[in-house]
>>> print(open('query_8.cif').read())   # mmCIF, C-alpha atoms and all ligand atoms
data_input
loop_
_atom_site.label_atom_id
_atom_site.label_comp_id
_atom_site.auth_asym_id
_atom_site.auth_seq_id
_atom_site.Cartn_x
_atom_site.Cartn_y
_atom_site.Cartn_z
CA MET A 1 0.91 -16.13 17.76
CA LYS A 2 3.88 -14.18 19.03
CA ASP A 3 6.66 -14.93 16.59
CA ILE A 4 7.11 -14.61 12.87
CA GLN A 5 8.50 -18.15 12.49
CA THR A 6 5.21 -19.64 13.69
CA PHE A 7 3.29 -17.21 11.46
CA ASP A 8 5.38 -18.19 8.42
CA ALA A 9 5.15 -21.90 9.20
CA LEU A 10 1.36 -21.80 9.46
CA LEU A 11 1.08 -20.04 6.11
CA ILE A 12 3.34 -22.55 4.39
CA LYS A 13 1.39 -25.43 5.93
CA ASN A 14 -1.78 -23.93 4.44
CA GLY A 15 -0.26 -23.49 0.99
CA TYR A 16 0.47 -19.75 1.11
CA ASN A 17 3.96 -19.37 -0.26
CA ARG A 18 6.16 -16.29 -0.37
CA ILE A 19 9.01 -15.24 -2.56
CA SER A 20 11.52 -12.80 -1.14
CA LEU A 21 11.50 -9.34 -2.68
CA MET A 22 12.81 -7.64 0.45
CA ASN A 23 16.11 -8.93 1.75
CA GLN A 24 16.47 -6.21 4.33
CA GLU A 25 14.17 -4.70 6.91
CA THR A 26 13.06 -1.20 5.95
CA PRO A 27 14.30 1.44 8.43
CA LEU A 28 12.14 2.62 11.32
CA VAL A 29 13.32 6.11 12.27
CA HIS A 30 12.45 9.06 14.48
CA LEU A 31 11.20 12.33 12.97
CA ARG A 32 13.24 14.76 15.04
CA HIS A 33 11.88 18.09 13.81
CA LEU A 34 8.24 17.14 13.49
CA SER A 35 8.24 15.48 16.90
CA LYS A 36 9.52 18.69 18.48
CA GLU A 37 7.12 20.83 16.50
CA LEU A 38 4.07 18.78 17.48
CA ASP A 39 5.29 17.86 20.95
CA THR A 40 4.59 14.22 20.06
CA GLU A 41 7.11 11.51 19.28
CA ILE A 42 6.58 10.54 15.65
CA PHE A 43 8.42 7.68 14.00
CA ILE A 44 8.29 6.60 10.40
CA LYS A 45 8.54 3.14 8.86
CA ARG A 46 10.35 3.64 5.58
CA ASP A 47 8.59 1.13 3.35
CA ASP A 48 9.26 3.69 0.62
CA LEU A 49 12.87 2.52 0.82
CA SER A 50 12.19 -1.13 0.15
CA GLU A 51 14.88 -2.20 -2.23
CA LEU A 52 13.28 -2.91 -5.62
CA GLY A 53 11.78 -0.69 -8.29
CA THR A 54 12.08 2.52 -6.24
CA GLY A 55 10.25 0.92 -3.34
CA GLY A 56 6.80 0.99 -1.79
CA ASN A 57 4.22 -1.01 0.15
CA LYS A 58 3.25 -3.20 -2.78
CA LEU A 59 6.44 -5.25 -2.55
CA ARG A 60 5.16 -6.86 0.64
CA LYS A 61 1.94 -7.87 -1.14
CA LEU A 62 3.75 -9.01 -4.25
CA GLU A 63 5.90 -11.40 -2.24
CA PHE A 64 2.76 -13.49 -1.71
CA LEU A 65 0.91 -12.68 -4.93
CA LEU A 66 3.76 -13.58 -7.28
CA ALA A 67 4.48 -16.73 -5.29
CA GLU A 68 0.88 -17.79 -5.91
CA ALA A 69 1.20 -16.92 -9.61
CA LYS A 70 4.30 -19.15 -9.79
CA SER A 71 2.60 -22.00 -7.98
CA GLN A 72 -0.26 -21.78 -10.50
CA ARG A 73 2.35 -21.98 -13.26
CA ALA A 74 1.21 -18.69 -14.75
CA ASN A 75 3.39 -17.12 -17.40
CA ARG A 76 1.59 -13.78 -17.57
CA ILE A 77 0.45 -11.24 -14.98
CA ILE A 78 -2.35 -8.76 -15.59
CA THR A 79 -3.07 -5.98 -13.17
CA VAL A 80 -4.96 -2.71 -13.10
CA GLY A 81 -4.67 0.77 -11.64
CA ALA A 82 -4.69 4.48 -12.34
CA ARG A 83 -2.32 5.81 -14.98
CA GLN A 84 0.28 6.66 -12.32
CA SER A 85 -0.30 3.52 -10.25
CA ASN A 86 2.58 2.64 -7.95
CA HIS A 87 1.13 -0.83 -7.67
CA ALA A 88 1.24 -1.29 -11.45
CA ARG A 89 4.87 -0.10 -11.55
CA LEU A 90 6.04 -2.48 -8.82
CA THR A 91 4.05 -5.36 -10.27
CA ALA A 92 5.60 -4.77 -13.69
CA ILE A 93 9.15 -4.58 -12.35
CA THR A 94 9.05 -7.52 -9.96
CA ALA A 95 7.02 -9.74 -12.28
CA LYS A 96 9.49 -9.12 -15.10
CA MET A 97 12.35 -9.98 -12.73
CA MET A 98 10.67 -13.32 -12.15
CA GLY A 99 10.24 -14.00 -15.85
CA PHE A 100 6.53 -13.23 -16.29
CA GLU A 101 5.02 -11.30 -19.18
CA VAL A 102 3.15 -8.28 -17.81
CA ASP A 103 0.05 -6.39 -18.90
CA LEU A 104 -0.95 -3.22 -17.11
CA VAL A 105 -4.49 -1.97 -17.59
CA LEU A 106 -4.24 1.71 -16.74
CA LYS A 107 -7.44 3.66 -16.18
CA ASN A 108 -7.72 7.28 -17.11
CA SER A 109 -9.17 8.04 -13.68
CA VAL A 110 -7.32 11.24 -12.78
CA PRO A 111 -8.27 14.29 -14.86
CA LEU A 112 -4.73 15.59 -15.38
CA ASP A 113 -3.51 16.01 -18.93
CA THR A 114 -0.09 17.54 -18.29
CA GLU A 115 2.79 15.93 -20.10
CA SER A 116 4.38 14.92 -16.79
CA TYR A 117 1.24 13.15 -15.55
CA GLN A 118 0.71 11.40 -18.86
CA LEU A 119 4.30 10.38 -19.56
CA ASN A 120 6.59 10.82 -16.57
CA GLY A 121 6.70 9.23 -13.08
CA ASN A 122 5.65 5.61 -12.83
CA LEU A 123 5.01 5.43 -16.58
CA VAL A 124 8.74 5.78 -17.30
CA LEU A 125 9.48 2.78 -15.10
CA ASP A 126 6.61 0.74 -16.60
CA ASN A 127 8.17 1.40 -20.00
CA ILE A 128 11.72 0.64 -18.90
CA VAL A 129 10.68 -2.94 -18.17
CA ASP A 130 8.59 -3.16 -21.36
CA ALA A 131 5.25 -3.80 -19.69
CA ASN A 132 2.34 -4.01 -22.17
CA ILE A 133 0.25 -0.97 -21.36
CA HIS A 134 -3.46 -0.83 -22.12
CA GLU A 135 -4.98 2.61 -21.64
CA ILE A 136 -8.68 2.50 -20.90
CA PRO A 137 -11.29 5.13 -19.96
CA ASN A 138 -12.55 5.39 -16.41
CA ASP A 139 -16.07 4.26 -17.22
CA GLY A 140 -16.51 1.07 -15.23
CA THR A 141 -15.36 -1.21 -18.05
CA ALA A 142 -12.05 -2.31 -16.49
CA SER A 143 -13.20 -5.75 -15.31
CA THR A 144 -14.71 -6.60 -18.71
CA PHE A 145 -11.56 -5.39 -20.41
CA ILE A 146 -9.40 -7.54 -18.13
CA SER A 147 -11.52 -10.64 -18.53
CA ASN A 148 -11.48 -10.28 -22.34
CA LEU A 149 -7.71 -9.79 -22.27
CA ALA A 150 -7.26 -12.86 -20.06
CA LYS A 151 -9.52 -14.92 -22.39
CA HIS A 152 -7.50 -13.80 -25.38
CA TYR A 153 -4.22 -14.95 -23.80
CA ALA A 154 -5.78 -18.18 -22.56
CA SER A 155 -6.97 -18.93 -26.11
CA GLU A 156 -3.33 -18.72 -27.15
CA GLY A 157 -2.35 -21.32 -24.55
CA GLU A 158 -1.08 -18.94 -21.90
CA THR A 159 -1.74 -19.12 -18.15
CA VAL A 160 -2.74 -15.75 -16.77
CA TYR A 161 -2.68 -14.62 -13.16
CA ILE A 162 -4.79 -11.54 -12.44
CA ILE A 163 -3.83 -9.24 -9.57
CA PRO A 164 -6.66 -6.94 -8.42
CA VAL A 165 -6.32 -3.19 -8.02
CA GLY A 166 -3.69 -2.29 -5.42
CA GLY A 167 -2.85 -5.98 -4.93
CA SER A 168 -5.58 -5.88 -2.31
CA ASN A 169 -7.01 -9.28 -1.60
CA THR A 170 -6.38 -11.97 1.02
CA ILE A 171 -3.07 -13.06 -0.50
CA GLY A 172 -1.73 -9.53 -0.87
CA GLY A 173 -2.95 -8.56 2.59
CA LEU A 174 -0.76 -11.27 4.10
CA GLY A 175 2.22 -9.06 3.29
CA TYR A 176 1.14 -6.47 5.83
CA ALA A 177 -0.02 -9.00 8.40
CA ARG A 178 3.57 -10.19 8.24
CA ALA A 179 4.91 -6.62 8.36
CA ALA A 180 3.33 -6.21 11.79
CA TYR A 181 5.94 -8.65 13.15
CA GLN A 182 8.79 -6.68 11.63
CA ILE A 183 7.44 -3.45 13.10
CA GLU A 184 7.13 -4.96 16.56
CA ASN A 185 10.61 -6.43 16.36
CA GLN A 186 12.14 -3.10 15.38
CA ALA A 187 10.12 -1.21 17.96
CA SER A 188 11.30 -3.47 20.73
CA GLU A 189 14.93 -3.09 19.60
CA LEU A 190 14.44 0.68 19.91
CA GLY A 191 12.77 0.31 23.30
CA LEU A 192 9.46 1.57 21.92
CA ASP A 193 5.92 0.38 22.40
CA PHE A 194 3.62 1.78 19.74
CA GLN A 195 -0.11 1.73 20.25
CA HIS A 196 -0.89 3.99 17.29
CA ILE A 197 -0.05 3.49 13.63
CA ALA A 198 -1.10 5.87 10.84
CA LEU A 199 -1.10 5.19 7.11
CA ALA A 200 -2.77 5.94 3.78
CA SER A 201 -5.47 3.64 2.48
CA GLY A 202 -6.49 3.33 -1.16
CA SER A 203 -7.71 -0.20 -1.79
CA GLY A 204 -7.60 -1.43 1.80
CA GLY A 205 -5.08 -4.28 1.66
CA THR A 206 -2.38 -2.58 3.69
CA HIS A 207 -4.81 -1.45 6.38
CA ALA A 208 -6.53 -4.85 6.52
CA GLY A 209 -3.22 -6.71 6.64
CA LEU A 210 -2.00 -4.67 9.58
CA VAL A 211 -5.28 -5.03 11.47
CA ALA A 212 -5.17 -8.79 10.93
CA GLY A 213 -1.47 -9.00 11.80
CA TYR A 214 -1.94 -7.32 15.16
CA LEU A 215 -5.00 -9.45 15.94
CA ILE A 216 -3.01 -12.59 15.10
CA MET A 217 -0.20 -11.32 17.31
CA GLU A 218 -2.74 -10.49 20.02
CA LYS A 219 -1.46 -6.99 20.47
CA LYS A 220 -3.89 -4.08 20.85
CA MET A 221 -3.04 -1.53 18.17
CA PHE A 222 -5.01 1.48 16.97
CA ILE A 223 -4.52 1.66 13.22
CA HIS A 224 -5.54 5.03 11.84
CA ALA A 225 -6.03 4.87 8.08
CA TYR A 226 -6.50 7.95 5.90
CA ASN A 227 -8.61 7.38 2.84
CA VAL A 228 -7.25 8.90 -0.37
CA GLN A 229 -10.41 8.43 -2.47
CA HIS A 230 -13.96 9.48 -1.63
CA GLU A 231 -15.72 6.15 -1.34
CA ARG A 232 -15.64 5.31 2.37
CA GLU A 233 -18.25 2.54 2.82
CA PRO A 234 -17.00 0.28 -0.02
CA LEU A 235 -13.42 0.71 1.21
CA LEU A 236 -14.44 -0.21 4.74
CA ARG A 237 -16.29 -3.31 3.50
CA GLU A 238 -13.29 -4.36 1.43
CA THR A 239 -10.96 -3.81 4.40
CA HIS A 240 -13.25 -5.84 6.65
CA ASP A 241 -13.52 -8.69 4.12
CA ILE A 242 -9.76 -8.94 3.66
CA THR A 243 -9.19 -8.82 7.43
CA ASN A 244 -11.72 -11.63 7.94
CA GLN A 245 -10.25 -13.78 5.19
CA ILE A 246 -6.74 -13.47 6.60
CA LEU A 247 -7.98 -14.30 10.09
CA ASP A 248 -9.83 -17.34 8.70
CA ILE A 249 -6.49 -18.81 7.62
CA PHE A 250 -5.40 -18.60 11.26
CA HIS A 251 -8.78 -19.90 12.49
CA LEU A 252 -9.36 -16.66 14.36
CA LYS A 253 -12.53 -14.65 14.71
CA ASN A 254 -12.35 -10.98 13.83
CA GLN A 255 -12.70 -8.90 16.98
CA PHE A 256 -13.52 -5.97 14.70
CA ALA A 257 -17.15 -6.98 14.64
CA SER A 258 -18.49 -4.03 12.69
CA LEU A 259 -17.23 -1.55 10.12
CA ASN A 260 -17.28 1.11 12.84
CA ASP A 261 -14.40 -0.63 14.58
CA TYR A 262 -12.00 0.42 11.81
CA LEU A 263 -10.41 3.84 12.01
CA LEU A 264 -10.72 5.31 8.52
CA SER A 265 -10.75 9.07 8.08
CA ASN A 266 -12.20 10.65 4.97
CA GLU A 267 -11.32 14.17 6.04
CA TYR A 268 -8.14 14.63 4.05
CA VAL A 269 -9.06 13.20 0.65
CA GLY A 270 -9.37 16.67 -0.82
CA GLU A 271 -11.08 17.12 -4.18
CA ALA A 272 -10.50 13.64 -5.56
CA TYR A 273 -8.14 10.69 -5.87
CA GLY A 274 -4.88 11.84 -7.42
CA ILE A 275 -5.52 15.54 -6.84
CA PRO A 276 -3.46 17.06 -4.03
CA ASN A 277 -4.63 20.29 -2.43
CA GLU A 278 -2.60 23.22 -1.05
CA GLU A 279 -2.37 21.57 2.33
CA THR A 280 -1.00 18.32 0.87
CA LEU A 281 1.65 20.19 -1.08
CA LYS A 282 2.62 22.20 2.00
CA THR A 283 3.04 19.01 4.03
CA ILE A 284 5.20 17.43 1.32
CA LYS A 285 7.46 20.49 1.19
CA HIS A 286 7.67 20.73 4.96
CA LEU A 287 8.70 17.11 5.50
CA ALA A 288 11.22 17.34 2.66
CA LYS A 289 12.78 20.50 4.12
CA THR A 290 12.83 19.42 7.74
CA GLU A 291 13.45 15.67 7.62
CA GLY A 292 14.69 15.07 4.07
CA ILE A 293 11.83 12.64 3.48
CA ILE A 294 9.79 12.82 0.29
CA LEU A 295 6.08 12.06 0.58
CA ASP A 296 3.93 11.59 -2.52
CA PRO A 297 0.96 13.73 -3.64
CA VAL A 298 -1.55 10.86 -3.99
CA TYR A 299 -1.20 8.78 -0.83
CA THR A 300 1.34 9.60 1.85
CA GLY A 301 1.13 13.39 1.42
CA LYS A 302 -2.60 13.28 2.19
CA ALA A 303 -2.27 10.77 5.00
CA PHE A 304 0.55 12.63 6.70
CA THR A 305 -1.44 15.86 6.46
CA GLY A 306 -4.27 14.04 8.21
CA LEU A 307 -1.95 12.76 10.90
CA VAL A 308 -0.53 16.23 11.64
CA HIS A 309 -4.01 17.78 11.82
CA ASP A 310 -5.35 15.02 14.00
CA ILE A 311 -2.41 15.36 16.40
CA LYS A 312 -3.09 19.10 16.59
CA LYS A 313 -6.78 18.43 17.19
CA GLY A 314 -5.88 16.15 20.12
CA LYS A 315 -7.17 12.96 18.48
CA PHE A 316 -4.05 11.07 19.58
CA PRO A 317 -3.27 10.65 23.28
CA LYS A 318 -0.48 12.90 24.55
CA GLY A 319 2.83 11.31 25.42
CA LYS A 320 2.40 8.19 23.27
CA PRO A 321 4.68 7.61 20.27
CA ILE A 322 3.03 7.29 16.85
CA LEU A 323 4.30 5.32 13.89
CA PHE A 324 3.55 6.56 10.37
CA ILE A 325 4.00 4.01 7.59
CA HIS A 326 5.59 5.60 4.55
CA THR A 327 4.03 3.40 1.92
CA GLY A 328 6.01 4.85 -0.99
CA GLY A 329 4.93 6.59 -4.18
CA THR A 330 8.23 8.36 -4.69
CA ALA A 331 8.27 7.68 -8.43
CA GLY A 332 4.81 9.23 -8.68
CA VAL A 333 6.16 12.60 -7.49
CA PHE A 334 7.70 13.17 -10.91
CA ALA A 335 4.29 13.02 -12.55
CA TYR A 336 3.38 16.15 -10.55
CA SER A 337 6.41 18.25 -11.52
CA ASN A 338 4.31 21.33 -12.34
CA TRP A 339 2.66 21.32 -8.87
CA PHE A 340 5.85 22.14 -6.98
C1 LIG A 401 2.27 4.93 -2.12
C2 LIG A 401 1.04 4.20 -1.72
N1 LIG A 401 0.61 4.34 -0.46
C3 LIG A 401 -0.51 3.73 -0.03
C4 LIG A 401 -1.24 2.93 -0.88
C5 LIG A 401 -2.49 2.32 -0.36
O1 LIG A 401 -2.37 0.97 -0.12
P1 LIG A 401 -3.66 0.05 -0.22
O2 LIG A 401 -4.03 0.03 -1.68
O3 LIG A 401 -3.22 -1.25 0.28
O4 LIG A 401 -4.72 0.69 0.58
C6 LIG A 401 -0.82 2.75 -2.20
C7 LIG A 401 -1.62 1.94 -3.13
O5 LIG A 401 -1.54 2.00 -4.30
C8 LIG A 401 0.36 3.41 -2.63
O6 LIG A 401 0.80 3.28 -3.88
#
>>> encode(input="query_8.cif", output="structure tokens")
Amino acid sequence: MKDIQTFDALLIKNGYNRISLMNQETPLVHLRHLSKELDTEIFIKRDDLSELGTGGNKLRKLEFLLAEAKSQRANRIITVGARQSNHARLTAITAKMMGFEVDLVLKNSVPLDTESYQLNGNLVLDNIVDANIHEIPNDGTASTFISNLAKHYASEGETVYIIPVGGSNTIGGLGYARAAYQIENQASELGLDFQHIALASGSGGTHAGLVAGYLIMEKKMFIHAYNVQHEREPLLRETHDITNQILDIFHLKNQFASLNDYLLSNEYVGEAYGIPNEETLKTIKHLAKTEGIILDPVYTGKAFTGLVHDIKKGKFPKGKPILFIHTGGTAGVFAYSNWF
């Protein structure tokens, strides 16, 4: 399926609607300094500059997720994430714009008790839009908490739509399957032919969406994901499941037959989710000083560090351009003020 119109039409025919949260294409630009430094042409897709709520990859997922919530006539959205979740922030802002009530279940999963981590960054934006925030411990009780909360609202006559962590499920993944078309369109306008894309992966939806998108488009693409949390096998399984479910909609078989077909590096996670190491901080400073682009300490800082190391190690073929997807997280930087 070569064009986005056919892709969109098939989704609509199958009942997958989309609301528009992104009126403009995000820029796809060349990294001049880094490309020279690494003797490799590196480009960056600025999904961090998507237009709402300080931007980020989740807007593409929310276009489909919130459309489904509307079609189910929900009046309230519940979602879950870490205290500084970018996904929670963008869900809160866009859902409020569309008239939903919003509950964010925020897990205390990152052991940082600085004032900036606890109160600044994404939290400020969650509060600006008056999201109901539920702080819970990181002890495996999130799903019970959410189901009790949903039952409580249902008993009061409300219709609740629950968005999983990171917006990563089949519906959310469609956002990045669709993004593949935008990337290809922009690349061809620039006279580029990417065969390698690099990005951060946390809950798998972005990675899975892109894999599915390129399979639907029938273009061979190596998608190098960098895990930002330690669990590799469960993330791979989740990525595979979402890929398969998206492909099912298009009646396609996944050519990624086994988990080993996905490129997912665990080498640059560092100590834990939400904890940047020296190398991550150095990368963030370097890209800010050379290109004026701000990466975040939780996702893109780690993934970009991985990309630079892997280029230096010769893991990418020489002479081929690489596209890094900047998935956002800018607001989260302010939660790490004491690290810089
Ligand atoms: C800035 C940023 N980059 C990357 C990701 C990872 O995306 P996914 O959860 O789809 O793997 C997230 C998810 O929260 C994010 O906030």
>>> closest_residue(input="query_8.cif", among="A:His251, A:Phe100, A:Phe304, A:Gly213", to="A:Ile325", atoms="only C-alpha atoms")
A:Phe304
>>> closest_residue(input="query_8.cif", among="A:Gln84, A:Asn338, A:Asn185, A:Ser201", to="A:Val124", atoms="all atoms listed in the file")
A:Gln84
>>> residues_near_ligand(input="query_8.cif", ligand="ligand LIG 401 (chain A)", cutoff="8 Å", atoms="only C-alpha atoms and all ligand atoms", output="JSON, numbers by chain")
{"A": [48, 56, 57, 58, 85, 86, 87, 165, 166, 167, 168, 173, 199, 200, 201, 202, 203, 204, 205, 206, 207, 208, 296, 298, 299, 300, 326, 327, 328, 329, 330]}
>>> closest_residue(input="query_8.cif", among="A:Val269, A:Leu119, A:Leu49, A:Leu149", to="A:Arg83", atoms="only C-alpha atoms")
A:Leu119
>>> residues_around(input="query_8.cif", residues="A:Asp310", least_positions_apart="5", cutoff="12 Å", atoms="all atoms listed in the file", output="VMD selection string")
chain A and resid 38 40 198 224 to 226 265 267 to 268 303 to 305 315 to 318 322
>>> residues_around(input="query_8.cif", residues="A:Leu104", least_positions_apart="6", cutoff="10 Å", atoms="all atoms listed in the file", output="list in words")
Ile77, Ile78, Thr79, Val80, Gly81, Ala82, Arg83, Ser85, His87, Ala88, Arg89, Thr91, Ala92, Asp126, Ala131, Asn132, Ile133, His134, Glu135 and Ile146 of chain A
>>> write_last_selection(input="query_8.cif", atoms="C-alpha atoms", output="mmCIF file, keeping the file's coordinate frame")
data_model
loop_
_atom_site.group_PDB
_atom_site.id
_atom_site.type_symbol
_atom_site.label_atom_id
_atom_site.label_comp_id
_atom_site.auth_asym_id
_atom_site.auth_seq_id
_atom_site.Cartn_x
_atom_site.Cartn_y
_atom_site.Cartn_z
ATOM 1 C CA ILE A 77 0.450 -11.240 -14.980
ATOM 2 C CA ILE A 78 -2.350 -8.760 -15.590
ATOM 3 C CA THR A 79 -3.070 -5.980 -13.170
ATOM 4 C CA VAL A 80 -4.960 -2.710 -13.100
ATOM 5 C CA GLY A 81 -4.670 0.770 -11.640
ATOM 6 C CA ALA A 82 -4.690 4.480 -12.340
ATOM 7 C CA ARG A 83 -2.320 5.810 -14.980
ATOM 8 C CA SER A 85 -0.300 3.520 -10.250
ATOM 9 C CA HIS A 87 1.130 -0.830 -7.670
ATOM 10 C CA ALA A 88 1.240 -1.290 -11.450
ATOM 11 C CA ARG A 89 4.870 -0.100 -11.550
ATOM 12 C CA THR A 91 4.050 -5.360 -10.270
ATOM 13 C CA ALA A 92 5.600 -4.770 -13.690
ATOM 14 C CA ASP A 126 6.610 0.740 -16.600
ATOM 15 C CA ALA A 131 5.250 -3.800 -19.690
ATOM 16 C CA ASN A 132 2.340 -4.010 -22.170
ATOM 17 C CA ILE A 133 0.250 -0.970 -21.360
ATOM 18 C CA HIS A 134 -3.460 -0.830 -22.120
ATOM 19 C CA GLU A 135 -4.980 2.610 -21.640
ATOM 20 C CA ILE A 146 -9.400 -7.540 -18.130
#
>>> closest_residue(input="query_8.cif", among="A:Val105, A:Leu190, A:Ala95, A:Leu66", to="A:Ile171", atoms="all atoms listed in the file")
A:Leu66
>>> closest_residue(input="query_8.cif", among="A:Ala331, A:Lys313, A:Asn75, A:Phe256", to="A:Glu156", atoms="only C-alpha atoms")
A:Asn75
>>> closest_residue(input="query_8.cif", among="A:Asn266, A:Ala335, A:Ile136, A:Ala212", to="A:Phe250", atoms="only C-alpha atoms")
A:Ala212
>>> residues_near_point(input="query_8.cif", point="(-3.0, -23.0, -7.7)", cutoff="12 Å", atoms="only C-alpha atoms", output="count of residues only")
16
>>> atom_distance(input="query_8.cif", atom1="atom CA of A:Gly172", atom2="atom CA of A:Ser188")
25.9 Å
>>> atom_distance(input="query_8.cif", atom1="atom CA of A:Met1", atom2="atom CA of A:Asn260")
25.5 Å
>>> atom_distance(input="query_8.cif", atom1="atom CA of A:Lys107", atom2="atom CA of A:Lys61")
21.1 Å
>>> residues_around(input="query_8.cif", residues="A:Ser258", least_positions_apart="6", cutoff="10 Å", atoms="all atoms listed in the file", output="ChimeraX atom specification")
/A:236-237,240
>>> residues_around(input="query_8.cif", residues="A:Tyr117", least_positions_apart="5", cutoff="10 Å", atoms="all atoms listed in the file", output="NGL selection string")
:A and (83-84 or 110-112 or 122-123 or 332-338)
